[in-house]
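Containing PDB, C-alpha atoms: work_39.pdb.
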```
MODEL        1
ATOM      1  CA  MET Y   1      19.322  -1.615  13.848
ATOM      2  CA  LEU Y   2      21.901  -3.278  16.101
ATOM      3  CA  GLU Y   3      23.637   0.033  16.842
ATOM      4  CA  GLN Y   4      20.550   2.073  17.685
ATOM      5  CA  ARG Y   5      18.126   2.281  20.564
ATOM      6  CA  THR Y   6      14.603   2.523  19.219
ATOM      7  CA  CYS Y   7      10.995   2.463  20.329
ATOM      8  CA  VAL Y   8       8.533   0.354  18.366
ATOM      9  CA  ASN Y   9       4.753   0.732  18.441
ATOM     10  CA  ALA Y  10       2.197  -1.474  16.681
ATOM     11  CA  LEU Y  11       0.217   0.126  13.869
ATOM     12  CA  SER Y  12      -3.082  -1.524  12.988
ATOM     13  CA  LYS Y  13      -5.304   0.400  10.583
ATOM     14  CA  ARG Y  14      -8.437  -0.175   8.567
ATOM     15  CA  VAL Y  15      -8.659   1.644   5.228
ATOM     16  CA  GLU Y  16     -11.550   2.397   2.921
ATOM     17  CA  GLY Y  17     -11.612   4.560  -0.163
ATOM     18  CA  ARG Y  18     -11.571   4.706  -3.952
ATOM     19  CA  ILE Y  19      -9.273   3.839  -6.795
ATOM     20  CA  GLY Y  20      -9.676   6.113  -9.818
ATOM     21  CA  ALA Y  21     -10.170   5.191 -13.453
ATOM     22  CA  PRO Y  22      -7.092   3.594 -15.064
ATOM     23  CA  GLU Y  23      -5.135   5.152 -17.899
ATOM     24  CA  PRO Y  24      -4.122   1.977 -19.810
ATOM     25  CA  GLU Y  25      -1.247   1.485 -22.233
ATOM     26  CA  ARG Y  26      -0.304  -1.837 -23.818
ATOM     27  CA  ARG Y  27       3.383  -2.508 -24.365
ATOM     28  CA  GLU Y  28       4.877  -5.326 -26.426
ATOM     29  CA  CYS Y  29       8.395  -6.758 -26.429
ATOM     30  CA  ASP Y  30       9.946  -8.991 -29.068
ATOM     31  CA  GLU Y  31      12.794 -10.457 -27.001
ATOM     32  CA  PRO Y  32      11.636 -12.013 -24.788
ATOM     33  CA  ARG Y  33       8.182 -12.127 -26.333
ATOM     34  CA  CYS Y  34       5.633 -10.552 -23.993
ATOM     35  CA  LEU Y  35       2.688  -8.195 -23.790
ATOM     36  CA  THR Y  36       2.076  -6.057 -20.726
ATOM     37  CA  LEU Y  37      -0.568  -3.601 -19.639
ATOM     38  CA  THR Y  38       0.680  -0.513 -17.797
ATOM     39  CA  THR Y  39      -1.854   1.676 -15.996
ATOM     40  CA  ARG Y  40      -1.759   4.837 -13.934
ATOM     41  CA  GLN Y  41      -4.498   5.815 -11.517
ATOM     42  CA  GLU Y  42      -5.186   7.636  -8.266
ATOM     43  CA  LEU Y  43      -5.838   5.966  -4.927
ATOM     44  CA  GLU Y  44      -7.369   7.700  -1.914
ATOM     45  CA  LEU Y  45      -7.909   5.899   1.387
ATOM     46  CA  GLN Y  46      -9.515   7.024   4.647
ATOM     47  CA  VAL Y  47      -7.472   5.571   7.527
ATOM     48  CA  GLN Y  48      -8.964   4.530  10.892
ATOM     49  CA  PRO Y  49      -7.369   2.718  13.862
ATOM     50  CA  PHE Y  50      -8.139  -0.979  14.213
ATOM     51  CA  ASP Y  51      -8.291  -3.319  17.235
ATOM     52  CA  CYS Y  52      -4.612  -3.731  18.164
ATOM     53  CA  ASP Y  53      -3.437  -0.215  17.211
ATOM     54  CA  GLU Y  54      -0.852   1.241  19.653
ATOM     55  CA  ASP Y  55      -0.015   4.277  17.512
ATOM     56  CA  PRO Y  56       1.346   7.128  19.690
ATOM     57  CA  VAL Y  57       0.706   9.611  16.842
ATOM     58  CA  LYS Y  58      -2.880   8.451  16.277
ATOM     59  CA  LEU Y  59      -2.420   8.400  12.497
ATOM     60  CA  GLY Y  60      -5.740   8.466  10.703
ATOM     61  CA  GLY Y  61      -6.831  10.892   8.046
ATOM     62  CA  VAL Y  62      -6.261  10.416   4.331
ATOM     63  CA  LEU Y  63      -3.586   8.454   2.488
ATOM     64  CA  ARG Y  64      -3.261   9.532  -1.181
ATOM     65  CA  VAL Y  65      -1.309   8.064  -4.075
ATOM     66  CA  VAL Y  66      -1.543  10.340  -7.117
ATOM     67  CA  ASP Y  67       0.315   8.020  -9.493
ATOM     68  CA  LEU Y  68      -0.348   4.394  -8.591
ATOM     69  CA  VAL Y  69       1.264   2.484 -11.470
ATOM     70  CA  HIS Y  70       0.462  -1.127 -12.305
ATOM     71  CA  VAL Y  71       2.241  -3.376 -14.797
ATOM     72  CA  PHE Y  72       0.228  -6.513 -15.583
ATOM     73  CA  ASP Y  73       1.031  -9.610 -17.607
ATOM     74  CA  THR Y  74      -1.242  -9.140 -20.662
ATOM     75  CA  SER Y  75      -4.314  -7.661 -18.875
ATOM     76  CA  GLY Y  76      -5.613  -6.341 -15.568
ATOM     77  CA  GLU Y  77      -7.052  -9.778 -14.843
ATOM     78  CA  GLN Y  78      -3.570 -11.352 -14.653
ATOM     79  CA  ARG Y  79      -0.667 -11.120 -12.192
ATOM     80  CA  GLY Y  80       0.997  -7.746 -11.895
ATOM     81  CA  PHE Y  81       3.037  -5.449  -9.704
ATOM     82  CA  HIS Y  82       2.339  -1.913  -8.555
ATOM     83  CA  SER Y  83       4.000   1.055  -6.860
ATOM     84  CA  GLY Y  84       3.407   4.674  -6.024
ATOM     85  CA  ASP Y  85       4.508   7.495  -3.753
ATOM     86  CA  PHE Y  86       2.059   8.405  -1.009
ATOM     87  CA  ARG Y  87       1.163  11.405   1.127
ATOM     88  CA  TRP Y  88      -0.581  10.519   4.397
ATOM     89  CA  GLU Y  89      -2.114  13.476   6.194
ATOM     90  CA  SER Y  90      -3.557  13.034   9.663
ATOM     91  CA  ALA Y  91      -4.569  16.115  11.680
ATOM     92  CA  ARG Y  92      -1.246  17.989  12.022
ATOM     93  CA  THR Y  93       0.958  15.015  11.093
ATOM     94  CA  LEU Y  94       2.316  14.370   7.588
ATOM     95  CA  VAL Y  95       3.962  11.165   6.369
ATOM     96  CA  PHE Y  96       5.643  10.757   2.969
ATOM     97  CA  GLY Y  97       6.717   7.443   1.480
ATOM     98  CA  ARG Y  98       6.283   4.705  -1.094
ATOM     99  CA  MET Y  99       4.091   1.660  -1.402
ATOM    100  CA  SER Y 100       4.825  -1.276  -3.679
ATOM    101  CA  GLY Y 101       3.613  -4.814  -4.083
ATOM    102  CA  ILE Y 102       1.984  -7.539  -6.138
ATOM    103  CA  THR Y 103      -1.532  -7.565  -7.604
ATOM    104  CA  ASN Y 104      -3.869 -10.525  -8.152
ATOM    105  CA  ALA Y 105      -1.741 -12.939  -6.122
ATOM    106  CA  GLY Y 106      -2.721 -14.927  -3.058
ATOM    107  CA  THR Y 107      -0.134 -15.394  -0.328
ATOM    108  CA  HIS Y 108      -2.364 -17.099   2.229
ATOM    109  CA  HIS Y 109      -2.347 -20.570   0.690
ATOM    110  CA  ARG Y 110      -0.967 -23.987   1.628
ATOM    111  CA  PRO Y 111       1.341 -24.827   3.293
ATOM    112  CA  VAL Y 112       1.067 -21.720   5.530
ATOM    113  CA  LEU Y 113      -2.710 -21.155   5.482
ATOM    114  CA  ASP Y 114      -5.606 -22.405   3.414
ATOM    115  CA  CYS Y 115      -7.467 -19.114   2.781
ATOM    116  CA  GLN Y 116      -6.533 -18.350  -0.833
ATOM    117  CA  GLU Y 117      -5.387 -19.860  -4.078
ATOM    118  CA  CYS Y 118      -2.133 -18.584  -5.635
ATOM    119  CA  LYS Y 119      -4.256 -16.564  -8.078
ATOM    120  CA  ALA Y 120      -6.337 -14.126  -6.007
ATOM    121  CA  PRO Y 121      -8.094 -11.637  -8.296
ATOM    122  CA  GLY Y 122      -8.612  -8.177  -6.819
ATOM    123  CA  PHE Y 123      -5.961  -8.343  -4.084
ATOM    124  CA  LEU Y 124      -3.150  -5.785  -3.857
ATOM    125  CA  GLN Y 125      -0.564  -6.820  -1.269
ATOM    126  CA  GLY Y 126       2.714  -5.185  -0.431
ATOM    127  CA  ARG Y 127       4.757  -2.928   1.789
ATOM    128  CA  LEU Y 128       4.314   0.718   2.657
ATOM    129  CA  CYS Y 129       7.394   2.550   3.959
ATOM    130  CA  GLY Y 130       7.451   6.196   4.972
ATOM    131  CA  SER Y 131       8.730   8.774   7.405
ATOM    132  CA  ILE Y 132       7.034  11.474   9.434
ATOM    133  CA  ALA Y 133       7.870  14.851   7.909
ATOM    134  CA  ARG Y 134       5.631  16.993  10.135
ATOM    135  CA  ALA Y 135       4.407  16.380  13.691
ATOM    136  CA  ASP Y 136       3.547  18.512  16.707
ATOM    137  CA  ASP Y 137       6.026  16.524  18.798
ATOM    138  CA  PRO Y 138       9.550  17.230  17.420
ATOM    139  CA  ALA Y 139      10.694  13.808  18.674
ATOM    140  CA  LEU Y 140       8.376  12.149  16.135
ATOM    141  CA  ARG Y 141       9.791  13.964  13.114
ATOM    142  CA  GLY Y 142      11.817  11.483  11.106
ATOM    143  CA  ALA Y 143      10.137   8.465  12.735
ATOM    144  CA  GLN Y 144       9.672   5.588  10.288
ATOM    145  CA  VAL Y 145       6.412   3.888   9.331
ATOM    146  CA  PHE Y 146       6.612   0.312   8.016
ATOM    147  CA  THR Y 147       3.434  -1.628   7.205
ATOM    148  CA  ASN Y 148       2.277  -4.578   5.203
ATOM    149  CA  TYR Y 149      -0.970  -3.848   3.420
ATOM    150  CA  VAL Y 150      -3.747  -5.790   1.799
ATOM    151  CA  LEU Y 151      -6.209  -3.909  -0.383
ATOM    152  CA  ARG Y 152      -9.241  -5.490  -2.016
ATOM    153  CA  VAL Y 153     -11.225  -4.457  -5.088
ATOM    154  CA  GLU Y 154     -14.222  -6.360  -6.453
ATOM    155  CA  ASP Y 155     -13.987  -5.728 -10.191
ATOM    156  CA  LEU Y 156     -11.162  -6.321 -12.674
ATOM    157  CA  ALA Y 157     -11.098  -5.652 -16.408
ATOM    158  CA  GLY Y 158      -8.829  -6.257 -19.355
ATOM    159  CA  ASP Y 159      -7.780  -2.584 -19.258
ATOM    160  CA  GLY Y 160      -6.894  -2.617 -15.543
ATOM    161  CA  ILE Y 161      -8.703  -2.040 -12.281
ATOM    162  CA  PRO Y 162     -11.850   0.002 -12.975
ATOM    163  CA  GLU Y 163     -12.785   2.962 -10.791
ATOM    164  CA  GLN Y 164     -14.387   1.563  -7.620
ATOM    165  CA  GLY Y 165     -14.346   1.277  -3.854
ATOM    166  CA  VAL Y 166     -11.368  -0.226  -2.012
ATOM    167  CA  LEU Y 167     -11.205  -1.902   1.422
ATOM    168  CA  GLY Y 168      -8.082  -2.947   3.257
ATOM    169  CA  THR Y 169      -5.775  -3.142   6.222
ATOM    170  CA  LEU Y 170      -2.374  -1.761   7.175
ATOM    171  CA  GLU Y 171      -0.434  -3.803   9.756
ATOM    172  CA  GLY Y 172       2.998  -2.678  10.849
ATOM    173  CA  VAL Y 173       5.109  -0.575  13.179
ATOM    174  CA  LEU Y 174       6.122   2.984  13.919
ATOM    175  CA  VAL Y 175       9.853   3.126  14.741
ATOM    176  CA  ARG Y 176      11.495   6.106  16.441
ATOM    177  CA  GLY Y 177      14.749   6.757  18.237
ATOM    178  CA  CYS Y 178      14.888   7.000  21.997
ATOM    179  CA  GLY Y 179      17.365   9.222  23.798
ATOM    180  CA  CYS Y 180      20.549  10.417  22.194
ATOM    181  CA  CYS Y 181      23.474   8.902  23.956
ATOM    182  CA  GLY Y 182      24.692   5.640  25.428
TER     183      GLY Y 182
ENDMDL
END
```

Could you take the file, read its structure, and then write that structure out as structure tokens?
Amino acid sequence: MLEQRTCVNALSKRVEGRIGAPEPERRECDEPRCLTLTTRQELELQVQPFDCDEDPVKLGGVLRVVDLVHVFDTSGEQRGFHSGDFRWESARTLVFGRMSGITNAGTHHRPVLDCQECKAPGFLQGRLCGSIARADDPALRGAQVFTNYVLRVEDLAGDGIPEQGVLGTLEGVLVRGCGCCG
């Protein structure tokens, strides 16, 4: 980052969509002793700009994760982590990347804020990183998308996150090079 000249634009998006039915599998280890729940499911989100969006590409459209994988401690009602590769299609722009984060954890608690407890059922929080693979403007091809996301589901179950609606936000930046020399 120190060696490059870049342009940075704020991305602020609202997302709404569905998470598909989980495919659960319980896995047990003897050393150390533990029981985990691993699930695979689809996630599809409609993306719309939000108040402080400065996106030069006007990314909207649909963000899809075909294989969103969760690994939970014991059950879908406990702490877990998740990841999946995404495809974000917006008009004639295409972004590929990966999202990953923590599930059922609250990060907005004391001493920083007092909005959540450390256990926050139904919250998926993490980072989405991708790059623009297709765009009308050749200068935008290869631009990087970095966002923090918070997704919220209402229902949890022992076998994972049931099929249901999802609401959330993406807050981040679009980073692209400027000029070529000096």

Checklist entry - Taking the file as shown, what set of residues would the PyMOL selection byres ((chain Y and resi 76) around 9) give back, as JSON, numbers by chain? => result {"Y": [37, 38, 39, 70, 71, 72, 73, 74, 75, 77, 78, 79, 80, 104, 156, 157, 158, 159, 160, 161]}

Residue subset to file, keeping C-alpha atoms, as a CSV table (one decimal), in the coordinates of the input:
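out.csv, freshly written:
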```csv
chain,number,residue,atom,x,y,z
Y,37,LEU,CA,-0.6,-3.6,-19.6
Y,38,THR,CA,0.7,-0.5,-17.8
Y,39,THR,CA,-1.9,1.7,-16.0
Y,70,HIS,CA,0.5,-1.1,-12.3
Y,71,VAL,CA,2.2,-3.4,-14.8
Y,72,PHE,CA,0.2,-6.5,-15.6
Y,73,ASP,CA,1.0,-9.6,-17.6
Y,74,THR,CA,-1.2,-9.1,-20.7
Y,75,SER,CA,-4.3,-7.7,-18.9
Y,77,GLU,CA,-7.1,-9.8,-14.8
Y,78,GLN,CA,-3.6,-11.4,-14.7
Y,79,ARG,CA,-0.7,-11.1,-12.2
Y,80,GLY,CA,1.0,-7.7,-11.9
Y,104,ASN,CA,-3.9,-10.5,-8.2
Y,156,LEU,CA,-11.2,-6.3,-12.7
Y,157,ALA,CA,-11.1,-5.7,-16.4
Y,158,GLY,CA,-8.8,-6.3,-19.4
Y,159,ASP,CA,-7.8,-2.6,-19.3
Y,160,GLY,CA,-6.9,-2.6,-15.5
Y,161,ILE,CA,-8.7,-2.0,-12.3
```

Next on the checklist: Since I can't run it myself right now, could you work out what the PyMOL selection byres ((chain Y and resi 59) around 8) selects here and report it as a list of chain:residue names?
Outcome noted: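 That selection, the PyMOL selection byres ((chain Y and resi 59) around 8), comes back as Y:Val47, Y:Gln48, Y:Pro49, Y:Asp55, Y:Val57, Y:Lys58, Y:Gly60, Y:Gly61, Y:Ser90, Y:Thr93.
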
Item to check | Which residue of Y:Gly106, Y:Gly17, Y:Pro24, Y:Pro56 approaches Thr36 (chain Y) most closely, using only C-alpha atoms | outcome: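 Closest to Thr36 (chain Y), using only C-alpha atoms: Y:Pro24.
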
Next on the checklist: Can you pull out the residues contacting Gly172 (chain Y)? Cut-off 9 Å, using all atoms listed in the file, and skip same-chain residues under 4 positions away; I want them as number ranges by chain.
Outcome noted: Y: 9-13, 128, 145-149

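Residue selection for this entry, given the PyMOL selection byres ((chain Y and resi 124) around 10), comprises Gly80, Phe81, His82, Ser100, Gly101, Ile102, Thr103, Asn104, Ala105, Gly106, Ala120, Pro121, Gly122, Phe123, Gln125, Gly126, Tyr149, Val150, Leu151, Arg152, Val153 and Gly168 of chain Y.
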
Checklist entry - For the atom pair CA of Phe50 (chain Y) and CA of Ser131 (chain Y), what is the interatomic distance in Å to one decimal place? => result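 Between these atoms lies a distance of 20.6 Å.
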